[in-house]
Structure formats: C-alpha cells, structure tokens
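Q: Okay, here's the structure, questions in a sec.
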Amino acid sequence: MKLKKYKKVSSTNKIAKKIKKPKDWLVIQAEEQKAGYGRKKDYWFSPKGGLYFSVILPKSTIEDLQILTILAAFVVAKAIKENFKLEPMIKLPNDVYLNQKKIGGILTETVVGEDVKFSIMGIGLNTNIDKFPKDLENIATSLKIELGKKVNNDKLIKQIVKGLKDQLGAISE
Amino acid sequence: MPIKKLKLNINGKKYNIDIQQLSKDTIKIKVNDEDFIFKEKRKGEGKSVVAKTSIPKRDFKEKEIKAPIAGVISEVFVKENDFIKKGKKIVLLSAMKMENEIISEFEGKIKKLLVKKGEKVKEGNVLIILE
C-alpha cells in the first residue's frame, strides 16, 4: 500500500484533490484534520488518535463508484466486527454506527466531465479518541471508548484499503 | 397573453404551431423553432407587417452538459452568459453517496443554465447549454 502520511491537514480529501498526478490507490493519511468534513460539508471531528484517510480510486464509471461507496461502509463495518468482535450497524448510505453512536463515515468525491476524471474516497473512523466534546458525546463514539483499549490504526487502514480493492475488483469484473 | 397551440401534419411533415397575442395588434406565430411576428394592418397600410425574428435553428456548435447521475444540485458555480473554459466547475451534484463536481469539457458561453441550487435532477437531464 502506497501511503503519504501527514501530521495535520485541513482534510485528506482536500489534499488528495490537489495532487498533480495522482496514482491509483495512493492513500493520504493524516493524524489530525483541521477541517474534516462529511456529506453536505458536515463537520467531522478529527482529533489526534482517529483514523483519517483518503484513497485515490482508479478510473471507474460513476455507477461503480456509487456502489463502491455503499460497499465501503460494509468494508469498515467488517473490519470492526472481525477485529474486535463488536456489532457495528450501517446507516445507509455511508455511516457506521456502534451502540447507536456514529463511529465512521465515508465521503466519495468525484470530478466528472464526459467521464469520471478523478475520484477519491475519504474515510473517517473514530479509533483512538478518548473523549468527544459535549455536543457530540451522545451521538459519537470511538473504538477506544467501546473497547477500553487502543487499537492499531496501521493494521486497520491496510485491511480497509484491501477490502476496497477487493470490492472494486468484484464490481468492475 | 394566451397561447393557442396547434399541431399540423402536411404531407407527412409535422408542424408545431404556437400562436400568441403579444399586444392588441401584434401576434406571434411560432412554427417549430421559428418565430414570425404579425402586426395588424393599420389604416392606409396595404399589407400586414411581418417580421421574422429569431432563427434559433440548432447550431452545431451548441453543447449540452448533462447530469451523469441522478442527484441534487448542491452548488452552482456559473451563471448565464458566463464564458467558461474547459475544466471549469459547473455544479456540484450530490448523489446520495457522493459529491460530484461536474466540469465542462468544452469552452464557450453559457447560453442557458437550466438548474438551480437544491434542484433534483435525473440522469441525462441537461444542466447547461453552451454556445
């Protein structure tokens, strides 16, 4: 997995969009995002400890990308279930919940002319976040809060990216 | 002003005719894409005055940019009469799971902007017409 890791960025999707010659499956990861966002530009709380990354997707049709975006929620949920024996729930189209609280989200962004020029998938997963601010503590959770221990971000990112590759391979076959 | 619509078929050729009264003594008759304006003759004038106005025959250089997927227009980055270059962002189209920046593959002037923020579109709906 090709990975570019940053300490602090505005958002990994924004950084990914600025790359001049983006290579397929390049992963942009940040330890912290100052302006993480989800669909409709909803703010995504992104302090240190969480897993925030964007994946540059290979050239695909817009329909395949739409399917992949839904499947990404399943890929994230599967990683949580298999690694930690937890029971995540998917709220379609692109959120992952644990104990009725949001734990992960996905945002795919594309640039489309006559065909898709560029597409990235941004994933935010609350992994090692100790505490959420008051306005979020009842609606968001993290793996660390649920498990009472730290999880391995590097292992998770690899599993998720592999899962996405497998899914896109299956869709576009 | 009221519009009367007629459909005629003359020797197999179809004519869509809209007749519209523009003012007390002026009517506009649109035959397919051509407009003809008739002024009622006034005293002392022998004939009705006919003015053929626009000839909006489809220009081959006209380009349409269509929605690649169904969704909601969440941002519009251009306005009518803007001159845009290839690669210019036209709209942000949010399909349920994705945000899609629709860019222009052509250069030209925006003749018609057919969508607005918040509007739902279907796949294939024309977003803008360039000339």
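Identifiers in this document derive from the order of the structure tokens: chains are assigned A, B, ..., residues are numbered from 1 separately in each chain, and ligands are numbered from 1 in order of occurrence.
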Need to verify the contact set: Leu127 in chain B, 7 Å, only C-alpha atoms, exclusion of same-chain residues closer than 5 positions in sequence. Can you return it as a ChimeraX atom specification?
A: /B:65-67,113-115
Q: Taking only C-alpha atoms into account and nothing else, which residues of chain B lie no more than 12 Å away from chain A? Please answer as a PyMOL selection string.
A: chain B and resi 63-75+86-106+118+123-124
Q: Restrict the selected residues to N, CA and C atoms and save them as a tab-separated table (two decimals), in the first residue's frame.
A:
```tsv
chain	number	residue	atom	x	y	z
B	63	LYS	N	-23.42	23.04	-27.26
B	63	LYS	CA	-23.08	21.84	-26.49
B	63	LYS	C	-23.94	21.78	-25.25
B	64	GLU	N	-24.34	20.58	-24.93
B	64	GLU	CA	-25.12	20.41	-23.71
B	64	GLU	C	-24.28	19.66	-22.69
B	65	ILE	N	-24.41	20.06	-21.44
B	65	ILE	CA	-23.75	19.30	-20.38
B	65	ILE	C	-24.86	18.69	-19.54
B	66	LYS	N	-24.78	17.38	-19.41
B	66	LYS	CA	-25.88	16.64	-18.77
B	66	LYS	C	-25.45	16.05	-17.43
B	67	ALA	N	-26.45	15.75	-16.62
B	67	ALA	CA	-26.18	15.11	-15.33
B	67	ALA	C	-25.77	13.67	-15.57
B	68	PRO	N	-24.60	13.26	-15.06
B	68	PRO	CA	-24.15	11.89	-15.30
B	68	PRO	C	-24.86	10.88	-14.41
B	69	ILE	N	-25.55	11.39	-13.41
B	69	ILE	CA	-26.17	10.51	-12.42
B	69	ILE	C	-27.29	11.30	-11.75
B	70	ALA	N	-28.26	10.62	-11.20
B	70	ALA	CA	-29.35	11.32	-10.52
B	70	ALA	C	-28.86	11.90	-9.20
B	71	GLY	N	-29.38	13.02	-8.80
B	71	GLY	CA	-28.96	13.61	-7.53
B	71	GLY	C	-29.56	14.97	-7.32
B	72	VAL	N	-28.96	15.70	-6.40
B	72	VAL	CA	-29.44	17.05	-6.09
B	72	VAL	C	-28.31	18.04	-6.38
B	73	ILE	N	-28.67	19.16	-6.99
B	73	ILE	CA	-27.67	20.19	-7.27
B	73	ILE	C	-27.38	20.91	-5.95
B	74	SER	N	-26.20	20.71	-5.40
B	74	SER	CA	-25.94	21.34	-4.11
B	74	SER	C	-25.19	22.66	-4.25
B	75	GLU	N	-24.57	22.90	-5.37
B	75	GLU	CA	-23.93	24.20	-5.62
B	75	GLU	C	-23.98	24.47	-7.12
B	86	LYS	N	-12.58	25.02	-20.69
B	86	LYS	CA	-12.58	23.58	-20.45
B	86	LYS	C	-12.06	23.32	-19.03
B	87	GLY	N	-12.75	22.46	-18.32
B	87	GLY	CA	-12.31	22.13	-16.97
B	87	GLY	C	-12.98	22.96	-15.89
B	88	LYS	N	-13.78	23.92	-16.29
B	88	LYS	CA	-14.45	24.79	-15.31
B	88	LYS	C	-15.53	24.01	-14.56
B	89	LYS	N	-15.58	24.21	-13.25
B	89	LYS	CA	-16.61	23.58	-12.44
B	89	LYS	C	-17.96	24.20	-12.76
B	90	ILE	N	-18.94	23.38	-13.04
B	90	ILE	CA	-20.27	23.89	-13.39
B	90	ILE	C	-21.19	23.83	-12.17
B	91	VAL	N	-21.35	22.63	-11.68
B	91	VAL	CA	-22.20	22.44	-10.50
B	91	VAL	C	-21.61	21.34	-9.63
B	92	LEU	N	-22.09	21.32	-8.39
B	92	LEU	CA	-21.78	20.19	-7.51
B	92	LEU	C	-23.06	19.38	-7.43
B	93	LEU	N	-22.97	18.14	-7.84
B	93	LEU	CA	-24.14	17.27	-7.88
B	93	LEU	C	-23.97	16.22	-6.79
B	94	SER	N	-24.83	16.28	-5.78
B	94	SER	CA	-24.73	15.30	-4.71
B	94	SER	C	-25.66	14.15	-4.99
B	95	ALA	N	-25.05	13.04	-5.30
B	95	ALA	CA	-25.85	11.82	-5.45
B	95	ALA	C	-25.80	11.24	-4.05
B	96	MET	N	-26.77	10.48	-3.68
B	96	MET	CA	-26.93	10.05	-2.29
B	96	MET	C	-25.62	9.78	-1.56
B	97	LYS	N	-24.71	9.16	-2.23
B	97	LYS	CA	-23.49	8.76	-1.52
B	97	LYS	C	-22.24	9.48	-1.98
B	98	MET	N	-22.40	10.39	-2.91
B	98	MET	CA	-21.19	11.00	-3.47
B	98	MET	C	-21.41	12.47	-3.77
B	99	GLU	N	-20.31	13.20	-3.75
B	99	GLU	CA	-20.36	14.58	-4.20
B	99	GLU	C	-19.59	14.65	-5.51
B	100	ASN	N	-20.27	15.07	-6.56
B	100	ASN	CA	-19.66	15.06	-7.88
B	100	ASN	C	-19.52	16.47	-8.43
B	101	GLU	N	-18.28	16.84	-8.68
B	101	GLU	CA	-18.05	18.14	-9.32
B	101	GLU	C	-18.22	17.93	-10.81
B	102	ILE	N	-19.19	18.59	-11.39
B	102	ILE	CA	-19.37	18.42	-12.82
B	102	ILE	C	-18.60	19.53	-13.52
B	103	ILE	N	-17.69	19.13	-14.39
B	103	ILE	CA	-16.87	20.11	-15.09
B	103	ILE	C	-17.24	20.15	-16.57
B	104	SER	N	-16.89	21.25	-17.20
B	104	SER	CA	-17.16	21.37	-18.62
B	104	SER	C	-16.00	20.80	-19.42
B	105	GLU	N	-16.34	20.10	-20.46
B	105	GLU	CA	-15.30	19.57	-21.36
B	105	GLU	C	-15.14	20.52	-22.54
B	106	PHE	N	-15.92	21.57	-22.55
B	106	PHE	CA	-15.91	22.49	-23.69
B	106	PHE	C	-15.66	23.91	-23.20
B	118	GLY	N	-30.36	23.17	-5.08
B	118	GLY	CA	-31.43	22.46	-4.38
B	118	GLY	C	-32.32	21.64	-5.30
B	123	GLU	N	-30.62	11.39	-14.18
B	123	GLU	CA	-29.51	11.12	-15.07
B	123	GLU	C	-29.90	11.54	-16.49
B	124	GLY	N	-29.04	12.29	-17.13
B	124	GLY	CA	-29.30	12.70	-18.51
B	124	GLY	C	-29.97	14.06	-18.63
```
Q: How would you write, as JSON, numbers by chain, the set of residues in range 8-141 of chain A that DSSP gives as strand (DSSP E or B)?
A: {"A": [8, 9, 27, 28, 29, 30, 31, 32, 33, 37, 43, 51, 52, 53, 54, 55, 56, 89, 90, 91, 95, 96, 97, 98, 101, 102, 103, 104, 105, 106, 107, 108, 109, 110, 111, 112, 116, 117, 118, 119, 120, 121, 122, 123, 124, 125, 140]}
Q: If we count only C-alpha atoms and set the cut-off at 12 Å, which residues sit around Val55 in chain A, ignoring sequence neighbours fewer than 4 positions away in its own chain? Please answer as a VMD selection string.
A: chain A and resid 1 to 4 12 to 17 19 22 to 29 69 72 106 to 110 118 to 124 157 to 158 160 to 162 164 to 165
Q: Which of these, A:Lys34, A:Asn83, A:Asn128, A:Glu137, has the shortest distance to Lys102 in chain A once you count only C-alpha atoms?
A: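 Using only C-alpha atoms, the shortest distance to Lys102 in chain A belongs to A:Glu137.
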Q: What's around Asp82 in chain B at 12 Å? Count only C-alpha atoms, leave out sequence neighbours fewer than 5 positions away in its own chain, and write the answer as an MDAnalysis selection string.
A: chainID B and resid 77 88 90 107:113 128:131
Q: At most 10 Å is the cut-off: for each residue in range 46-118 of chain A with any atom that close to an atom of range 151-154 of chain A, write down the nearest atom pair and the distance in Å rounded to one decimal, counting only C-alpha atoms, chain first then increasing number, as CSV.
A:
```
residue,atom,partner,partner_atom,distance
A:Gly49,CA,A:Asn153,CA,8.5
A:Gly50,CA,A:Asn153,CA,7.9
A:Leu51,CA,A:Asn153,CA,6.3
A:Tyr52,CA,A:Asn153,CA,9.5
A:Asn83,CA,A:Val151,CA,9.4
A:Phe84,CA,A:Val151,CA,9.1
```
Q: Save out the residues we just selected, C-alpha atoms, as a PDB file, in the first residue's frame.
A:
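Everything below was put into again_18.pdb:
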```
ATOM      1  CA  GLY A  49      -5.870   9.333  17.602  1.00  0.00           C
ATOM      2  CA  GLY A  50      -8.533   8.814  14.954  1.00  0.00           C
ATOM      3  CA  LEU A  51      -8.027   7.243  11.570  1.00  0.00           C
ATOM      4  CA  TYR A  52      -8.491   9.699   8.723  1.00  0.00           C
ATOM      5  CA  ASN A  83     -11.002  -7.430  14.656  1.00  0.00           C
ATOM      6  CA  PHE A  84     -12.859  -6.528  17.788  1.00  0.00           C
TER       7      PHE A  84
END
```
Q: Write out as a PyMOL selection string each polymer residue whose atoms come within 10 Å of Pro47 in chain A, counting only C-alpha atoms; drop sequence neighbours fewer than 3 positions from it.
A: chain A and resi 8+30-34+36+44+50-52+126+128-132
Q: Range 1-122 of chain A: which residues are alpha helix (DSSP H) by DSSP, as a VMD selection string?
A: chain A and resid 12 to 18 62 to 84
Q: What is the distance, in Å and to one decimal place, between CA of Ala170 in chain A and CA of Lys85 in chain A?
A: 25.8 Å
